[in-house]
Structures are given as structure tokens and as C-alpha cells.
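File shown: upload_0.json. Contents: JSON, C-alpha atoms.
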[["chain", "number", "residue", "atom", "x", "y", "z"],
["A", 101, "MET", "CA", 13.33, -9.40, 8.05],
["A", 102, "ASP", "CA", 15.89, -10.41, 10.70],
["A", 103, "THR", "CA", 16.18, -6.83, 11.99],
["A", 104, "LEU", "CA", 12.39, -6.41, 12.12],
["A", 105, "LYS", "CA", 11.99, -9.68, 14.03],
["A", 106, "ARG", "CA", 14.77, -8.81, 16.48],
["A", 107, "GLU", "CA", 13.47, -5.29, 17.18],
["A", 108, "VAL", "CA", 9.85, -6.40, 17.69],
["A", 109, "ILE", "CA", 10.83, -9.16, 20.12],
["A", 110, "GLU", "CA", 13.21, -6.81, 21.99],
["A", 111, "GLU", "CA", 10.61, -4.05, 22.31],
["A", 112, "THR", "CA", 7.43, -6.07, 22.83],
["A", 113, "GLY", "CA", 8.26, -9.71, 23.55],
["A", 114, "TYR", "CA", 6.26, -10.84, 20.49],
["A", 115, "SER", "CA", 7.79, -12.88, 17.68],
["A", 116, "VAL", "CA", 6.93, -11.82, 14.10],
["A", 117, "THR", "CA", 5.59, -14.69, 11.99],
["A", 118, "ASN", "CA", 4.71, -12.65, 8.89],
["A", 119, "TYR", "CA", 4.62, -9.05, 7.69],
["A", 120, "THR", "CA", 3.11, -7.18, 4.73],
["A", 121, "LYS", "CA", 2.32, -3.62, 3.54],
["A", 122, "VAL", "CA", 5.63, -1.94, 4.35],
["A", 123, "ARG", "CA", 5.22, 1.84, 4.18],
["A", 124, "CYS", "CA", 7.20, 4.86, 5.30],
["A", 125, "TYR", "CA", 5.89, 8.18, 6.65],
["A", 126, "ASP", "CA", 7.37, 11.29, 8.15],
["A", 127, "ALA", "CA", 6.17, 14.01, 10.48],
["A", 128, "PHE", "CA", 7.53, 17.32, 11.72],
["A", 129, "VAL", "CA", 7.01, 17.76, 15.45],
["A", 130, "LYS", "CA", 7.53, 21.19, 17.00],
["A", 131, "GLN", "CA", 7.91, 21.50, 20.74],
["A", 132, "ASN", "CA", 8.72, 24.97, 22.05],
["A", 133, "ASP", "CA", 11.34, 26.36, 19.62],
["A", 134, "LYS", "CA", 12.67, 23.00, 18.43],
["A", 135, "THR", "CA", 11.38, 21.10, 15.38],
["A", 136, "VAL", "CA", 12.22, 17.41, 14.99],
["A", 137, "HIS", "CA", 11.74, 15.47, 11.77],
["A", 138, "HIS", "CA", 10.51, 11.94, 12.55],
["A", 139, "VAL", "CA", 10.67, 9.21, 9.91],
["A", 140, "PHE", "CA", 8.82, 5.99, 10.68],
["A", 141, "VAL", "CA", 8.11, 2.70, 8.96],
["A", 142, "LEU", "CA", 4.84, 0.82, 9.47],
["A", 143, "TYR", "CA", 4.14, -2.85, 8.80],
["A", 144, "ASP", "CA", 1.08, -5.05, 9.03],
["A", 145, "MET", "CA", 2.34, -7.96, 11.15],
["A", 146, "GLU", "CA", 1.23, -11.31, 12.39],
["A", 147, "VAL", "CA", 2.78, -12.18, 15.73],
["A", 148, "GLY", "CA", 3.29, -15.42, 17.61],
["A", 149, "GLN", "CA", 3.22, -16.13, 21.31],
["A", 150, "ARG", "CA", 4.58, -13.45, 23.60],
["A", 151, "LYS", "CA", 7.76, -14.21, 25.49],
["A", 152, "GLU", "CA", 8.54, -12.69, 28.85],
["A", 153, "LEU", "CA", 10.22, -9.34, 28.29],
["A", 154, "HIS", "CA", 13.41, -8.53, 30.20],
["A", 155, "LEU", "CA", 14.19, -4.84, 29.78],
["A", 156, "GLU", "CA", 17.86, -3.96, 30.02],
["A", 157, "LEU", "CA", 18.51, -0.32, 30.82],
["A", 158, "GLU", "CA", 21.65, 1.39, 29.59],
["A", 159, "ASN", "CA", 22.41, 4.68, 31.32],
["A", 160, "GLU", "CA", 18.90, 4.47, 32.81],
["A", 161, "GLU", "CA", 17.38, 4.71, 29.32],
["A", 162, "ASN", "CA", 15.68, 2.30, 26.93],
["A", 163, "ASP", "CA", 13.86, 2.55, 23.61],
["A", 164, "SER", "CA", 10.72, 1.07, 25.10],
["A", 165, "LEU", "CA", 9.10, 0.26, 28.40],
["A", 166, "GLY", "CA", 7.25, -2.63, 26.77],
["A", 167, "CYS", "CA", 3.93, -2.64, 24.98],
["A", 168, "SER", "CA", 0.24, -2.63, 25.72],
["A", 169, "TRP", "CA", -2.90, -3.13, 23.65],
["A", 170, "VAL", "CA", -5.17, -0.11, 23.36],
["A", 171, "ASP", "CA", -8.56, 0.07, 21.67],
["A", 172, "LEU", "CA", -8.22, 2.19, 18.52],
["A", 173, "HIS", "CA", -11.31, 4.19, 19.51],
["A", 174, "ASP", "CA", -9.50, 5.33, 22.68],
["A", 175, "LEU", "CA", -6.61, 6.92, 20.74],
["A", 176, "THR", "CA", -6.66, 10.68, 20.17],
["A", 177, "LYS", "CA", -4.23, 13.52, 19.50],
["A", 178, "ASP", "CA", -4.19, 14.07, 23.26],
["A", 179, "ASN", "CA", -2.85, 10.60, 24.11],
["A", 180, "ALA", "CA", -1.08, 9.27, 21.01],
["A", 181, "SER", "CA", 2.15, 9.90, 19.13],
["A", 182, "PRO", "CA", 2.47, 11.20, 15.55],
["A", 183, "VAL", "CA", 3.10, 7.62, 14.39],
["A", 184, "ILE", "CA", -0.20, 6.45, 15.87],
["A", 185, "LEU", "CA", -2.06, 9.47, 14.48],
["A", 186, "GLN", "CA", -0.75, 8.62, 10.99],
["A", 187, "LEU", "CA", -1.87, 5.02, 11.44],
["A", 188, "LEU", "CA", -5.34, 6.17, 12.52],
["A", 189, "GLN", "CA", -5.59, 8.35, 9.40],
["A", 190, "GLU", "CA", -4.57, 5.38, 7.29],
["A", 191, "ILE", "CA", -7.16, 3.13, 8.90],
["A", 192, "LYS", "CA", -9.89, 5.72, 8.34],
["A", 193, "ASN", "CA", -8.70, 6.21, 4.72],
["A", 194, "GLU", "CA", -8.41, 9.93, 5.37],
["A", 195, "PHE", "CA", -4.92, 10.10, 3.90],
["A", 196, "ALA", "CA", -5.71, 9.47, 0.24],
["A", 197, "ASP", "CA", -4.90, 13.00, -1.01],
["A", 198, "SER", "CA", -1.93, 13.57, 1.30],
["A", 199, "VAL", "CA", -0.18, 10.20, 1.52],
["A", 200, "LEU", "CA", 3.10, 11.67, 0.24],
["A", 201, "ASN", "CA", 2.98, 14.85, 2.32],
["A", 202, "ALA", "CA", 4.71, 15.07, 5.69],
["A", 203, "SER", "CA", 2.50, 15.71, 8.71],
["A", 204, "SER", "CA", 3.23, 18.69, 10.94],
["A", 205, "TYR", "CA", 2.39, 19.01, 14.64],
["A", 206, "GLU", "CA", 2.90, 22.42, 16.28],
["A", 207, "ASN", "CA", 3.67, 22.75, 20.01],
["A", 208, "TRP", "CA", 3.68, 19.01, 20.61],
["A", 209, "ILE", "CA", 3.88, 17.82, 24.20],
["A", 210, "VAL", "CA", 5.79, 14.58, 24.75],
["A", 211, "LYS", "CA", 3.66, 12.11, 26.69],
["A", 212, "GLU", "CA", 5.16, 10.60, 29.85],
["A", 213, "LYS", "CA", 3.80, 7.03, 29.71]]
Translate this file's structure into C-alpha cells.
Amino acid sequence: MDTLKREVIEETGYSVTNYTKVRCYDAFVKQNDKTVHHVFVLYDMEVGQRKELHLELENEENDSLGCSWVDLHDLTKDNASPVILQLLQEIKNEFADSVLNASSYENWIVKEK
């Protein structure tokens, strides 16, 4: 729980007060001739007040540029990551027959924002 709390506050500024439903998914993402296997863990979380986020860049890179709230209805394959697409499937209960199968995305384009 300490690692989860630390990562969420570092990436978003929110403190985790509770979490449930830990689950793990994977997806194969192919971009050009390279295939990357992504493994991701999802949690249902309750968060506390948001603290001001101070991003520290190392070598001009960072894991996150912060967070923003987006209406679920606005998320599509054209503007979301494989993690978000898996979450949308879960929310719609479309994953029942394939929950243990890895997702595969051919010719994925990495979003710049």
C-alpha cells in the first residue's frame, strides 16, 4: 500500500485513502515493426484532497505530466491508451469471455499529450 500511495501522489497529487479490486492486465502494442508487451495493474481507489504537484524532470523526462479528469464517454481508441481501453471494456462488462486473454493493438500510434 505504501508504494501505491507514493506513486499516486507523485504522479497526480492525490492521496489514496482506500483501494479495492486489484487486477492485472496485459496488452501487446505494435508500432511499426516493434511489439511491446505492457503489463498494468488497475485499482478502484478513493482519493483525498489534491496537493499541489511539483514535477521534477530527470534528463528532461518524467513518468507523468500530471493528471486530468476526462468524461468516460469522450474516451475512444483514437485518444486513449491500451490501459484505458481495457478499463472501458471492464466498465461495459464486455470482457467477460476474454478477461484472461492479452489484448493486441496493431500499428499503435503513441499519443503526444
Open item on the list: Please report the interatomic distance between atom CA of A:Val147 and atom CA of A:Pro182 in Å with one decimal.
Closed with: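 Between these atoms lies a distance of 23.4 Å.
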Cut-off 6 Å around (6.2, 9.6, 8.4) with all atoms listed in the file: residues as a short mmCIF file (atom, residue, chain, number, x, y, z; two decimals) with C-alpha atoms, keeping the file's coordinate frame:
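Writing done, so here's result_1.cif:
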data_model
loop_
_atom_site.label_atom_id
_atom_site.label_comp_id
_atom_site.auth_asym_id
_atom_site.auth_seq_id
_atom_site.Cartn_x
_atom_site.Cartn_y
_atom_site.Cartn_z
CA CYS A 124 7.20 4.86 5.30
CA TYR A 125 5.89 8.18 6.65
CA ASP A 126 7.37 11.29 8.15
CA ALA A 127 6.17 14.01 10.48
CA VAL A 139 10.67 9.21 9.91
CA PHE A 140 8.82 5.99 10.68
#
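Using only C-alpha atoms, the smallest distance between any of A:Glu152, A:Tyr119, A:Ala180, A:Gln189 and A:Met101 comes from A:Tyr119.
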Open item on the list: Which residues are close to A:Arg150, i.e. within 12 Å by all atoms listed in the file, leaving aside same-chain residues fewer than 2 positions away? Reply as a list in words.
Closed with: Val108, Ile109, Glu110, Glu111, Thr112, Gly113, Tyr114, Ser115, Val116, Thr117, Glu146, Val147, Gly148, Glu152, Leu153, Gly166, Cys167 and Ser168 of chain A
TODO: Pull the neighbourhood of (-6.9, 1.7, 20.7) for me: all residues within 12 Å in file coordinates, counting all atoms listed in the file, as JSON, numbers by chain.
DONE: {"A": [168, 169, 170, 171, 172, 173, 174, 175, 176, 179, 180, 184, 185, 187, 188, 191]}
Take stretch 180-191 of chain A, bring it up to all heavy atoms, and give me the output as an mmCIF file, in the coordinates of the input.
data_model
loop_
_atom_site.group_PDB
_atom_site.id
_atom_site.type_symbol
_atom_site.label_atom_id
_atom_site.label_comp_id
_atom_site.auth_asym_id
_atom_site.auth_seq_id
_atom_site.Cartn_x
_atom_site.Cartn_y
_atom_site.Cartn_z
ATOM 1 N N ALA A 180 -1.814 10.113 21.952
ATOM 2 C CA ALA A 180 -1.080 9.270 21.010
ATOM 3 C C ALA A 180 0.080 10.037 20.390
ATOM 4 O O ALA A 180 0.129 11.269 20.433
ATOM 5 C CB ALA A 180 -2.027 8.779 19.911
ATOM 6 N N SER A 181 0.993 9.301 19.793
ATOM 7 C CA SER A 181 2.150 9.900 19.130
ATOM 8 C C SER A 181 1.837 10.190 17.663
ATOM 9 O O SER A 181 0.841 9.688 17.129
ATOM 10 C CB SER A 181 3.332 8.924 19.208
ATOM 11 O OG SER A 181 3.071 7.801 18.379
ATOM 12 N N PRO A 182 2.687 10.957 16.978
ATOM 13 C CA PRO A 182 2.470 11.200 15.550
ATOM 14 C C PRO A 182 2.396 9.914 14.721
ATOM 15 O O PRO A 182 1.639 9.832 13.764
ATOM 16 C CB PRO A 182 3.691 12.038 15.150
ATOM 17 C CG PRO A 182 4.050 12.766 16.392
ATOM 18 C CD PRO A 182 3.793 11.774 17.494
ATOM 19 N N VAL A 183 3.158 8.898 15.108
ATOM 20 C CA VAL A 183 3.100 7.620 14.390
ATOM 21 C C VAL A 183 1.705 7.017 14.479
ATOM 22 O O VAL A 183 1.124 6.573 13.492
ATOM 23 C CB VAL A 183 4.134 6.611 14.974
ATOM 24 C CG1 VAL A 183 3.986 5.251 14.335
ATOM 25 C CG2 VAL A 183 5.546 7.138 14.814
ATOM 26 N N ILE A 184 1.146 7.024 15.669
ATOM 27 C CA ILE A 184 -0.200 6.450 15.870
ATOM 28 C C ILE A 184 -1.245 7.298 15.159
ATOM 29 O O ILE A 184 -2.184 6.767 14.564
ATOM 30 C CB ILE A 184 -0.512 6.324 17.376
ATOM 31 C CG1 ILE A 184 0.477 5.379 18.054
ATOM 32 C CG2 ILE A 184 -1.946 5.880 17.592
ATOM 33 C CD1 ILE A 184 0.524 3.974 17.447
ATOM 34 N N LEU A 185 -1.100 8.614 15.189
ATOM 35 C CA LEU A 185 -2.060 9.470 14.480
ATOM 36 C C LEU A 185 -2.039 9.196 12.987
ATOM 37 O O LEU A 185 -3.090 9.160 12.336
ATOM 38 C CB LEU A 185 -1.764 10.943 14.769
ATOM 39 C CG LEU A 185 -1.916 11.383 16.224
ATOM 40 C CD1 LEU A 185 -1.498 12.839 16.382
ATOM 41 C CD2 LEU A 185 -3.330 11.155 16.725
ATOM 42 N N GLN A 186 -0.854 8.960 12.414
ATOM 43 C CA GLN A 186 -0.750 8.620 10.990
ATOM 44 C C GLN A 186 -1.431 7.286 10.715
ATOM 45 O O GLN A 186 -2.152 7.134 9.735
ATOM 46 C CB GLN A 186 0.715 8.552 10.565
ATOM 47 C CG GLN A 186 0.894 8.295 9.088
ATOM 48 C CD GLN A 186 0.452 9.465 8.238
ATOM 49 O OE1 GLN A 186 0.788 10.599 8.534
ATOM 50 N NE2 GLN A 186 -0.295 9.202 7.196
ATOM 51 N N LEU A 187 -1.227 6.332 11.593
ATOM 52 C CA LEU A 187 -1.870 5.020 11.440
ATOM 53 C C LEU A 187 -3.383 5.152 11.507
ATOM 54 O O LEU A 187 -4.108 4.534 10.711
ATOM 55 C CB LEU A 187 -1.367 4.057 12.506
ATOM 56 C CG LEU A 187 -1.958 2.657 12.479
ATOM 57 C CD1 LEU A 187 -1.644 1.961 11.158
ATOM 58 C CD2 LEU A 187 -1.433 1.850 13.648
ATOM 59 N N LEU A 188 -3.887 5.973 12.415
ATOM 60 C CA LEU A 188 -5.340 6.170 12.520
ATOM 61 C C LEU A 188 -5.896 6.799 11.250
ATOM 62 O O LEU A 188 -6.968 6.419 10.779
ATOM 63 C CB LEU A 188 -5.674 7.029 13.739
ATOM 64 C CG LEU A 188 -5.413 6.394 15.101
ATOM 65 C CD1 LEU A 188 -5.658 7.398 16.211
ATOM 66 C CD2 LEU A 188 -6.245 5.141 15.293
ATOM 67 N N GLN A 189 -5.159 7.761 10.669
ATOM 68 C CA GLN A 189 -5.590 8.350 9.400
ATOM 69 C C GLN A 189 -5.639 7.284 8.313
ATOM 70 O O GLN A 189 -6.570 7.240 7.512
ATOM 71 C CB GLN A 189 -4.639 9.459 8.967
ATOM 72 C CG GLN A 189 -4.804 10.740 9.720
ATOM 73 C CD GLN A 189 -3.852 11.812 9.198
ATOM 74 O OE1 GLN A 189 -2.782 11.519 8.689
ATOM 75 N NE2 GLN A 189 -4.259 13.061 9.349
ATOM 76 N N GLU A 190 -4.626 6.449 8.283
ATOM 77 C CA GLU A 190 -4.570 5.380 7.290
ATOM 78 C C GLU A 190 -5.760 4.437 7.431
ATOM 79 O O GLU A 190 -6.411 4.078 6.449
ATOM 80 C CB GLU A 190 -3.261 4.614 7.468
ATOM 81 C CG GLU A 190 -3.056 3.526 6.464
ATOM 82 C CD GLU A 190 -1.739 2.825 6.674
ATOM 83 O OE1 GLU A 190 -0.677 3.473 6.577
ATOM 84 O OE2 GLU A 190 -1.777 1.614 6.960
ATOM 85 N N ILE A 191 -6.042 4.048 8.649
ATOM 86 C CA ILE A 191 -7.160 3.130 8.900
ATOM 87 C C ILE A 191 -8.482 3.744 8.470
ATOM 88 O O ILE A 191 -9.337 3.077 7.900
ATOM 89 C CB ILE A 191 -7.197 2.734 10.398
ATOM 90 C CG1 ILE A 191 -6.002 1.817 10.705
ATOM 91 C CG2 ILE A 191 -8.513 2.045 10.748
ATOM 92 C CD1 ILE A 191 -5.792 1.573 12.172
#
